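Okay, run_0.cif is below, mmCIF, C-alpha atoms:
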```cif
data_upload
loop_
_atom_site.label_atom_id
_atom_site.label_comp_id
_atom_site.auth_asym_id
_atom_site.auth_seq_id
_atom_site.Cartn_x
_atom_site.Cartn_y
_atom_site.Cartn_z
CA MET A 1 27.04 38.84 17.88
CA ASN A 2 24.49 38.53 20.63
CA PRO A 3 21.19 37.94 18.85
CA GLU A 4 19.03 39.02 21.76
CA ILE A 5 20.07 42.52 22.76
CA PHE A 6 19.89 45.18 20.08
CA VAL A 7 21.26 48.69 20.51
CA ILE A 8 19.66 51.24 18.20
CA VAL A 9 21.80 54.24 17.28
CA PRO A 10 19.88 56.94 15.42
CA ALA A 11 22.35 59.14 13.55
CA TYR A 12 22.04 62.33 11.57
CA ASN A 13 25.20 63.95 10.18
CA GLU A 14 27.45 62.33 12.76
CA GLU A 15 30.53 61.69 10.59
CA GLN A 16 32.81 63.21 13.23
CA ILE A 17 31.77 60.88 16.04
CA ILE A 18 30.02 57.82 14.60
CA ARG A 19 33.25 55.80 14.41
CA THR A 20 34.05 56.40 18.07
CA THR A 21 30.49 55.59 19.14
CA LEU A 22 30.39 52.35 17.15
CA GLN A 23 33.88 51.29 18.24
CA SER A 24 32.85 51.65 21.87
CA LEU A 25 29.62 49.70 21.32
CA LEU A 26 31.46 46.96 19.44
CA THR A 27 33.45 46.15 22.57
CA THR A 28 30.22 44.53 23.77
CA SER A 29 28.39 41.50 22.40
CA TYR A 30 25.21 43.41 21.53
CA SER A 31 23.82 43.61 18.03
CA ILE A 32 23.94 47.18 16.80
CA ILE A 33 21.54 48.92 14.47
CA VAL A 34 22.54 52.29 13.05
CA VAL A 35 19.65 54.22 11.56
CA ASP A 36 21.04 56.96 9.34
CA ASP A 37 18.27 59.55 9.29
CA GLY A 38 18.96 61.01 5.85
CA SER A 39 22.46 62.31 6.61
CA THR A 40 24.10 64.50 3.99
CA ASP A 41 27.64 63.78 5.19
CA ARG A 42 29.64 60.50 5.33
CA THR A 43 27.72 58.97 8.25
CA TRP A 44 26.24 56.20 6.11
CA SER A 45 29.48 55.19 4.39
CA LEU A 46 31.31 55.16 7.72
CA ALA A 47 28.61 53.12 9.48
CA THR A 48 28.52 50.46 6.78
CA ARG A 49 32.24 49.75 7.31
CA PHE A 50 31.44 48.33 10.74
CA PRO A 51 29.88 44.93 11.48
CA VAL A 52 26.54 46.48 12.32
CA TYR A 53 23.08 46.53 10.81
CA ALA A 54 22.72 49.83 8.96
CA LEU A 55 19.43 51.30 7.82
CA ARG A 56 19.06 54.49 5.90
CA HIS A 57 16.17 56.93 5.67
CA PRO A 58 16.31 58.56 2.24
CA LEU A 59 14.87 61.68 3.91
CA ASN A 60 15.58 63.29 7.24
CA LEU A 61 12.53 62.58 9.41
CA GLY A 62 13.74 63.04 12.95
CA GLN A 63 15.05 61.05 15.88
CA GLY A 64 11.67 59.61 16.86
CA ALA A 65 11.13 58.23 13.37
CA ALA A 66 14.65 56.77 13.27
CA LEU A 67 14.13 55.00 16.58
CA GLN A 68 10.80 53.53 15.47
CA THR A 69 12.44 52.27 12.26
CA GLY A 70 15.19 50.70 14.34
CA MET A 71 12.66 49.11 16.72
CA ASP A 72 10.59 47.67 13.85
CA PHE A 73 13.76 46.18 12.37
CA ALA A 74 15.04 44.88 15.71
CA LEU A 75 11.72 43.14 16.38
CA GLN A 76 11.89 41.55 12.93
CA GLN A 77 15.36 40.26 13.82
CA GLY A 78 14.05 38.66 16.99
CA ALA A 79 15.31 41.16 19.57
CA ASP A 80 14.49 40.35 23.19
CA ILE A 81 15.75 43.66 24.56
CA ILE A 82 16.09 46.92 22.67
CA VAL A 83 18.28 49.82 23.82
CA HIS A 84 18.14 53.41 22.53
CA PHE A 85 21.59 54.98 22.39
CA ASP A 86 22.49 58.42 21.01
CA ALA A 87 25.14 58.63 18.30
CA ASP A 88 26.67 61.92 19.44
CA GLY A 89 28.96 60.40 22.06
CA GLN A 90 26.96 61.58 25.09
CA HIS A 91 26.06 58.11 26.32
CA GLN A 92 28.41 55.68 28.01
CA VAL A 93 28.52 52.03 26.98
CA LYS A 94 28.88 50.99 30.63
CA ASP A 95 25.44 52.46 31.32
CA VAL A 96 23.81 50.09 28.84
CA GLU A 97 24.36 47.17 31.20
CA THR A 98 22.77 49.19 34.01
CA MET A 99 19.72 49.75 31.83
CA ILE A 100 19.39 46.13 30.76
CA ALA A 101 19.86 44.45 34.15
CA PRO A 102 16.37 45.23 35.58
CA LEU A 103 14.75 43.97 32.38
CA GLN A 104 16.67 40.71 32.50
CA ALA A 105 15.72 40.32 36.15
CA GLY A 106 12.06 40.85 35.27
CA LEU A 107 11.78 43.95 37.47
CA ALA A 108 10.54 46.25 34.72
CA ASP A 109 9.41 46.37 31.09
CA VAL A 110 11.18 49.65 30.38
CA THR A 111 14.16 51.36 31.96
CA LEU A 112 14.75 55.08 31.50
CA GLY A 113 18.04 56.85 31.99
CA SER A 114 18.20 59.76 34.42
CA ARG A 115 20.82 62.45 34.95
CA PHE A 116 19.25 63.50 38.23
CA LEU A 117 19.65 60.39 40.39
CA ARG A 118 23.32 60.99 41.28
CA SER A 119 24.67 64.36 42.31
CA GLU A 120 27.81 64.00 40.17
CA ASP A 121 25.70 63.44 37.05
CA GLN A 122 23.54 66.40 37.95
CA GLN A 123 26.55 68.66 38.40
CA ALA A 124 27.76 67.78 34.91
CA ILE A 125 24.67 69.29 33.29
CA PRO A 126 25.16 72.88 32.09
CA MET A 127 23.07 75.33 34.15
CA LEU A 128 20.65 76.47 31.41
CA ARG A 129 20.09 72.88 30.27
CA ARG A 130 19.41 71.84 33.85
CA TRP A 131 16.64 74.41 34.26
CA VAL A 132 15.11 73.56 30.89
CA LEU A 133 15.12 69.89 31.88
CA LYS A 134 13.45 70.72 35.20
CA GLY A 135 10.72 72.52 33.25
CA GLY A 136 10.50 69.54 30.89
CA ILE A 137 9.98 67.20 33.85
CA VAL A 138 6.92 69.21 34.92
CA VAL A 139 5.52 69.48 31.38
CA ASN A 140 6.09 65.76 30.79
CA GLY A 141 4.37 64.90 34.05
CA LEU A 142 1.36 67.08 33.30
CA ILE A 143 0.96 65.86 29.73
CA THR A 144 1.82 62.17 30.09
CA GLY A 145 0.97 61.47 33.73
CA VAL A 146 4.43 59.93 34.17
CA TRP A 147 6.50 61.80 36.74
CA LEU A 148 10.22 61.12 36.30
CA SER A 149 13.38 62.71 37.64
CA ASP A 150 14.66 63.49 34.11
CA ALA A 151 13.14 64.59 30.82
CA HIS A 152 14.24 63.67 27.31
CA ASN A 153 17.10 61.39 28.27
CA GLY A 154 17.82 59.40 25.13
CA LEU A 155 19.16 56.31 26.91
CA ARG A 156 16.41 53.77 27.55
CA ALA A 157 15.85 50.04 27.25
CA LEU A 158 12.72 48.05 26.48
CA THR A 159 11.79 44.41 26.53
CA ARG A 160 10.44 42.88 23.34
CA GLN A 161 6.91 42.90 24.75
CA ALA A 162 7.19 46.59 25.62
CA ALA A 163 8.63 47.51 22.23
CA GLN A 164 5.73 45.75 20.52
CA LYS A 165 3.31 48.01 22.39
CA ILE A 166 5.16 51.22 21.52
CA GLN A 167 4.42 52.88 18.19
CA LEU A 168 6.02 56.30 17.93
CA LYS A 169 4.18 58.76 15.73
CA GLU A 170 6.09 61.87 16.74
CA ASN A 171 8.97 61.94 14.29
CA ARG A 172 10.94 64.65 16.03
CA TYR A 173 12.01 65.19 19.63
CA ALA A 174 8.47 65.16 21.02
CA TYR A 175 8.68 61.37 20.73
CA ALA A 176 10.49 61.36 24.10
CA SER A 177 7.29 62.51 25.78
CA GLU A 178 5.06 60.43 23.52
CA ILE A 179 6.88 57.26 24.56
CA LEU A 180 6.03 58.02 28.20
CA SER A 181 2.35 58.41 27.32
CA GLN A 182 2.42 55.05 25.58
CA ILE A 183 4.23 53.42 28.51
CA GLN A 184 1.46 54.74 30.76
CA GLN A 185 -1.37 53.69 28.44
CA ALA A 186 0.05 50.19 27.98
CA ASN A 187 0.54 49.80 31.76
CA LEU A 188 4.20 48.96 31.30
CA ARG A 189 6.36 48.75 34.39
CA TYR A 190 9.18 51.27 34.29
CA LEU A 191 12.23 52.10 36.35
CA GLU A 192 14.74 54.92 36.23
CA ARG A 193 18.44 54.18 36.29
CA PRO A 194 21.30 56.65 36.76
CA THR A 195 23.24 57.56 33.63
CA SER A 196 26.17 59.85 33.14
CA ILE A 197 26.03 62.13 30.15
CA LEU A 198 29.25 63.37 28.58
CA TYR A 199 28.70 66.96 27.50
CA SER A 200 31.31 67.88 24.91
CA ASP A 201 31.43 70.93 22.63
CA TYR A 202 30.43 68.63 19.81
CA SER A 203 27.45 67.08 21.56
CA MET A 204 26.25 70.45 22.84
CA ALA A 205 26.42 71.86 19.32
CA LYS A 206 24.76 68.79 17.81
CA GLY A 207 22.12 68.22 20.46
CA GLN A 208 18.76 69.92 20.56
CA SER A 209 18.73 73.57 21.52
CA SER A 210 17.09 74.50 24.81
CA TRP A 211 14.73 76.69 22.81
CA ASN A 212 13.49 73.60 21.01
CA ALA A 213 11.57 72.83 24.20
CA PHE A 214 8.95 75.29 22.93
CA ASN A 215 8.55 73.36 19.65
CA ILE A 216 8.24 70.12 21.57
CA LEU A 217 5.53 71.59 23.78
CA ILE A 218 3.53 72.80 20.77
CA ASP A 219 3.90 69.41 19.03
CA LEU A 220 2.66 67.65 22.15
CA LEU A 221 -0.33 69.91 22.60
CA LEU A 222 -1.34 69.62 18.94
CA ARG A 223 -0.99 65.86 19.13
CA ARG A 224 -3.20 65.89 22.20
CA ILE A 225 -5.91 67.84 20.37
CA PHE A 226 -5.79 65.80 17.18
CA GLN A 227 -5.11 62.31 18.50
CA MET B 1 -23.30 88.43 28.25
CA ARG B 2 -25.10 86.99 25.27
CA LEU B 3 -21.92 87.29 23.18
CA ASN B 4 -20.00 85.29 25.78
CA LEU B 5 -22.61 82.54 25.63
CA PHE B 6 -22.50 82.61 21.84
CA VAL B 7 -18.67 82.32 21.81
CA LEU B 8 -18.82 79.52 24.37
CA PHE B 9 -21.43 77.68 22.31
CA LEU B 10 -19.28 78.04 19.18
CA ALA B 11 -16.19 76.84 21.05
CA VAL B 12 -17.99 73.72 22.30
CA ILE B 13 -19.32 72.92 18.82
CA LEU B 14 -15.82 73.50 17.37
CA TRP B 15 -14.25 71.24 19.98
CA ILE B 16 -16.72 68.38 19.34
CA TYR B 17 -16.30 68.84 15.62
CA LEU B 18 -12.48 68.90 15.72
CA SER B 19 -12.18 65.95 18.03
CA ARG B 20 -14.86 63.63 16.65
CA LEU B 21 -16.60 64.67 13.49
CA ARG B 22 -13.84 66.01 11.27
CA ASN B 23 -13.78 65.13 7.62
CA GLN B 24 -12.85 66.95 4.46
CA LEU B 25 -16.42 67.33 3.15
CA LEU B 26 -17.61 68.88 6.40
CA ASP B 27 -14.55 71.19 6.48
CA ARG B 28 -15.38 72.50 3.04
CA MET B 29 -19.09 72.86 3.75
CA ILE B 30 -18.41 74.85 6.91
CA LEU B 31 -15.89 77.10 5.15
CA ILE B 32 -18.31 77.72 2.27
CA GLY B 33 -21.12 78.35 4.77
CA LEU B 34 -19.02 80.88 6.65
CA GLY B 35 -18.12 82.51 3.30
CA ILE B 36 -21.78 82.80 2.29
CA VAL B 37 -22.75 84.28 5.68
CA SER B 38 -19.88 86.77 5.39
CA LEU B 39 -20.95 87.81 1.89
CA CYS B 40 -24.55 88.30 3.05
CA LEU B 41 -23.35 90.41 5.98
CA LEU B 42 -21.21 92.47 3.61
CA ALA B 43 -23.89 92.91 0.96
CA MET B 44 -26.86 93.61 3.25
CA PRO B 45 -25.53 94.80 6.60
CA ASP B 46 -28.75 96.60 7.55
CA ARG B 47 -30.88 93.48 7.18
CA PHE B 48 -28.84 91.64 9.79
CA VAL B 49 -28.64 94.38 12.41
CA GLY B 50 -31.31 92.67 14.52
CA LEU B 51 -29.55 89.30 14.41
CA VAL B 52 -26.15 90.86 15.07
CA GLN B 53 -27.44 92.73 18.11
CA TRP B 54 -29.26 89.63 19.39
CA ILE B 55 -25.94 87.78 19.32
CA GLY B 56 -24.51 90.61 21.39
CA VAL B 57 -22.20 92.21 18.84
CA GLU B 58 -22.49 95.93 18.35
CA ARG B 59 -21.85 96.12 14.61
CA THR B 60 -22.06 93.82 11.60
CA ASN B 61 -18.37 94.48 10.88
CA ASP B 62 -17.42 93.07 14.28
CA LEU B 63 -19.30 89.86 13.55
CA LEU B 64 -17.49 89.64 10.21
CA ILE B 65 -14.15 89.83 12.00
CA TYR B 66 -15.20 87.02 14.35
CA ILE B 67 -16.34 84.88 11.44
CA PHE B 68 -13.06 85.57 9.64
CA GLY B 69 -11.13 84.49 12.73
CA ALA B 70 -13.14 81.27 13.03
CA ALA B 71 -12.68 80.50 9.32
CA MET B 72 -8.93 81.07 9.51
CA GLY B 73 -8.72 78.81 12.56
CA LEU B 74 -10.66 76.07 10.83
CA LEU B 75 -8.53 76.41 7.71
CA TRP B 76 -5.36 76.16 9.78
CA PHE B 77 -6.61 73.06 11.61
CA SER B 78 -7.66 71.51 8.33
CA LEU B 79 -4.26 72.11 6.70
CA TYR B 80 -2.41 70.98 9.80
CA THR B 81 -4.22 67.64 9.95
CA ARG B 82 -3.65 67.11 6.26
CA VAL B 83 0.08 67.80 6.63
CA ARG B 84 0.23 65.37 9.59
CA LYS B 85 -1.44 62.69 7.51
CA LEU B 86 0.98 63.24 4.64
CA GLU B 87 3.90 63.12 7.06
CA GLU B 88 2.66 59.79 8.41
CA GLN B 89 2.42 58.39 4.88
CA VAL B 90 5.93 59.61 4.00
CA THR B 91 7.27 58.15 7.24
CA TYR B 92 5.69 54.78 6.49
CA LEU B 93 7.18 54.78 3.00
CA VAL B 94 10.64 55.83 4.17
CA ARG B 95 10.59 53.26 6.98
CA THR B 96 9.55 50.43 4.68
CA MET B 97 12.32 51.32 2.22
CA ALA B 98 14.94 51.57 4.97
CA ILE B 99 14.03 48.15 6.38
CA GLN B 100 13.85 46.47 2.98
CA GLN B 101 17.25 47.87 1.98
CA ALA B 102 18.99 47.26 5.30
CA HIS B 103 22.72 46.72 5.23
CA ILE B 104 23.32 43.39 6.98
CA PRO B 105 26.68 42.69 8.62
CA PRO B 106 28.73 40.02 6.72
CA SER B 107 28.48 37.31 9.40
CA ASP B 108 24.70 37.51 9.35
CA GLU B 109 24.61 37.39 5.56
CA SER B 110 26.56 34.15 5.57
CA VAL B 111 24.17 32.71 8.14
CA LYS B 112 21.22 33.67 5.93
CA ALA B 113 22.91 32.20 2.82
CA ASN B 114 23.30 28.91 4.61
#
```
Could you rewrite the structure in this file as structure tokens?
Amino acid sequence: MNPEIFVIVPAYNEEQIIRTTLQSLLTTSYSIIVVDDGSTDRTWSLATRFPVYALRHPLNLGQGAALQTGMDFALQQGADIIVHFDADGQHQVKDVETMIAPLQAGLADVTLGSRFLRSEDQQAIPMLRRWVLKGGIVVNGLITGVWLSDAHNGLRALTRQAAQKIQLKENRYAYASEILSQIQQANLRYLERPTSILYSDYSMAKGQSSWNAFNILIDLLLRRIFQ
Amino acid sequence: MRLNLFVLFLAVILWIYLSRLRNQLLDRMILIGLGIVSLCLLAMPDRFVGLVQWIGVERTNDLLIYIFGAAMGLLWFSLYTRVRKLEEQVTYLVRTMAIQQAHIPPSDESVKAN
């Protein structure tokens, strides 16, 4: 196992896909941390059969909370680089290297995946999702001051120093905007890197609904008022 | 015009209070204060006609509705912040348990044992 690069895989009721996701990640030398976010299916028992670190939330808290748990644990284990990687099979292992390279070269503290940097990746996004993401880009920019080409892409990588400055308090999907605010506040250098997302029936059914964008917006505004 | 100024004044006070001064004791005192004012307006509407009209509201009942709205808003904010705080405490607890009870891959366990 590579002791320096840790890939965090937050998982909630992913028994159908978790094996495939872990098998693909285990072809690399990265250390893998699965954070089972209170699954009620066999996700936990399947994950613990693999040579990975497995952490379990006794309650379902949300993806943001699972990632923060994974980051706290990775830092304790001495991680130099931390990668966020979705469990639902949408992310490609080959893209992890693309995310890590600028960090290793010292070009950035954080790299963020984007589906909008290559036309072929953009074409793969379902139409409704594409428009919701475009709206999300504007909302993210207005709320966080960070203007990116993509919104809520779950693939990102952070150096140890960056991860130490990030403390996610949004347990659910609004964390993806919160992390941008914290990147901005901590003056971290960030870069976007192209990523291809594999939209399958499973991942579309499992992923967040486009309507959830409204919930995210409300969470962000309330957090703004009460921070 | 005077009503607009009054609403604006209340909104500014509410904003400062929500963003900087909030605490449970003050929440309760404000809610009780609003309740007492409402009861007075209900019990003796004629006595407050002058005050109500000075504020710019036509009738005492209208002012009651505004006070009710403000009280409900404050109550909602108060409950929301309390739920957020509880959620943060639960998250901390769950996270600590998850990290303490982490499943370590066999190779790492042998390294630790050595």
Q | Interatomic distance, atom CA of A:Gln63 to atom CA of A:Glu120 (Å, one decimal) | A |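 These two atoms are separated by 27.6 Å.
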Per residue of chain B within 7 Å of chain A, which atom pair is closest and at what distance in Å (one decimal), using all atoms listed in the file, listed by chain and increasing number, as JSON lines?
```
{"residue": "B:Ser19", "atom": "CA", "partner": "A:Phe226", "partner_atom": "CA", "distance": 6.4}
{"residue": "B:Val94", "atom": "CA", "partner": "A:His57", "partner_atom": "CA", "distance": 5.8}
{"residue": "B:Arg95", "atom": "CA", "partner": "A:Thr69", "partner_atom": "CA", "distance": 5.7}
{"residue": "B:Ala98", "atom": "CA", "partner": "A:Arg56", "partner_atom": "CA", "distance": 5.1}
{"residue": "B:Ile99", "atom": "CA", "partner": "A:Phe73", "partner_atom": "CA", "distance": 6.3}
{"residue": "B:Ala102", "atom": "CA", "partner": "A:Leu55", "partner_atom": "CA", "distance": 4.8}
{"residue": "B:His103", "atom": "CA", "partner": "A:Ala54", "partner_atom": "CA", "distance": 4.9}
{"residue": "B:Ile104", "atom": "CA", "partner": "A:Tyr53", "partner_atom": "CA", "distance": 5.0}
{"residue": "B:Pro105", "atom": "CA", "partner": "A:Pro51", "partner_atom": "CA", "distance": 4.8}
{"residue": "B:Pro106", "atom": "CA", "partner": "A:Pro51", "partner_atom": "CA", "distance": 6.9}
```
Q) Selected by the PyMOL selection byres ((chain B and resi 72-83) around 10) in the shown coordinates: which residues, as an NGL selection string? A) (:A and (222-223 or 226)) or (:B and (14 or 18 or 22-24 or 27-28 or 30-31 or 66-71 or 84-89))
Q: Please measure the separation of atom CA of A:Tyr202 and atom CA of A:Ser24, giving the value in Å to one decimal.
A: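 Computing it gives 17.3 Å between the two atoms.
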Q: Check what the PyMOL selection byres ((chain A and resi 143) around 12) selects in the file above and give those residues as number ranges by chain.
A: A: 136-142, 144-147, 174, 176-182, 184, 216-225
Q: Could you tell me how far atom CA of A:Ile5 lies from atom CA of A:Ile81, in Å and to one decimal?
A: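 Interatomic distance here is 4.8 Å.
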(Q) Selection in question (the file shown): the PyMOL selection byres ((chain A and resi 14-23) around 9). Which residues does it include, as an MDAnalysis selection string? (A) chainID A and resid 9 11:13 24:27 32 34 39 41:44 46:47 50 52 86:89 91 93 202 206
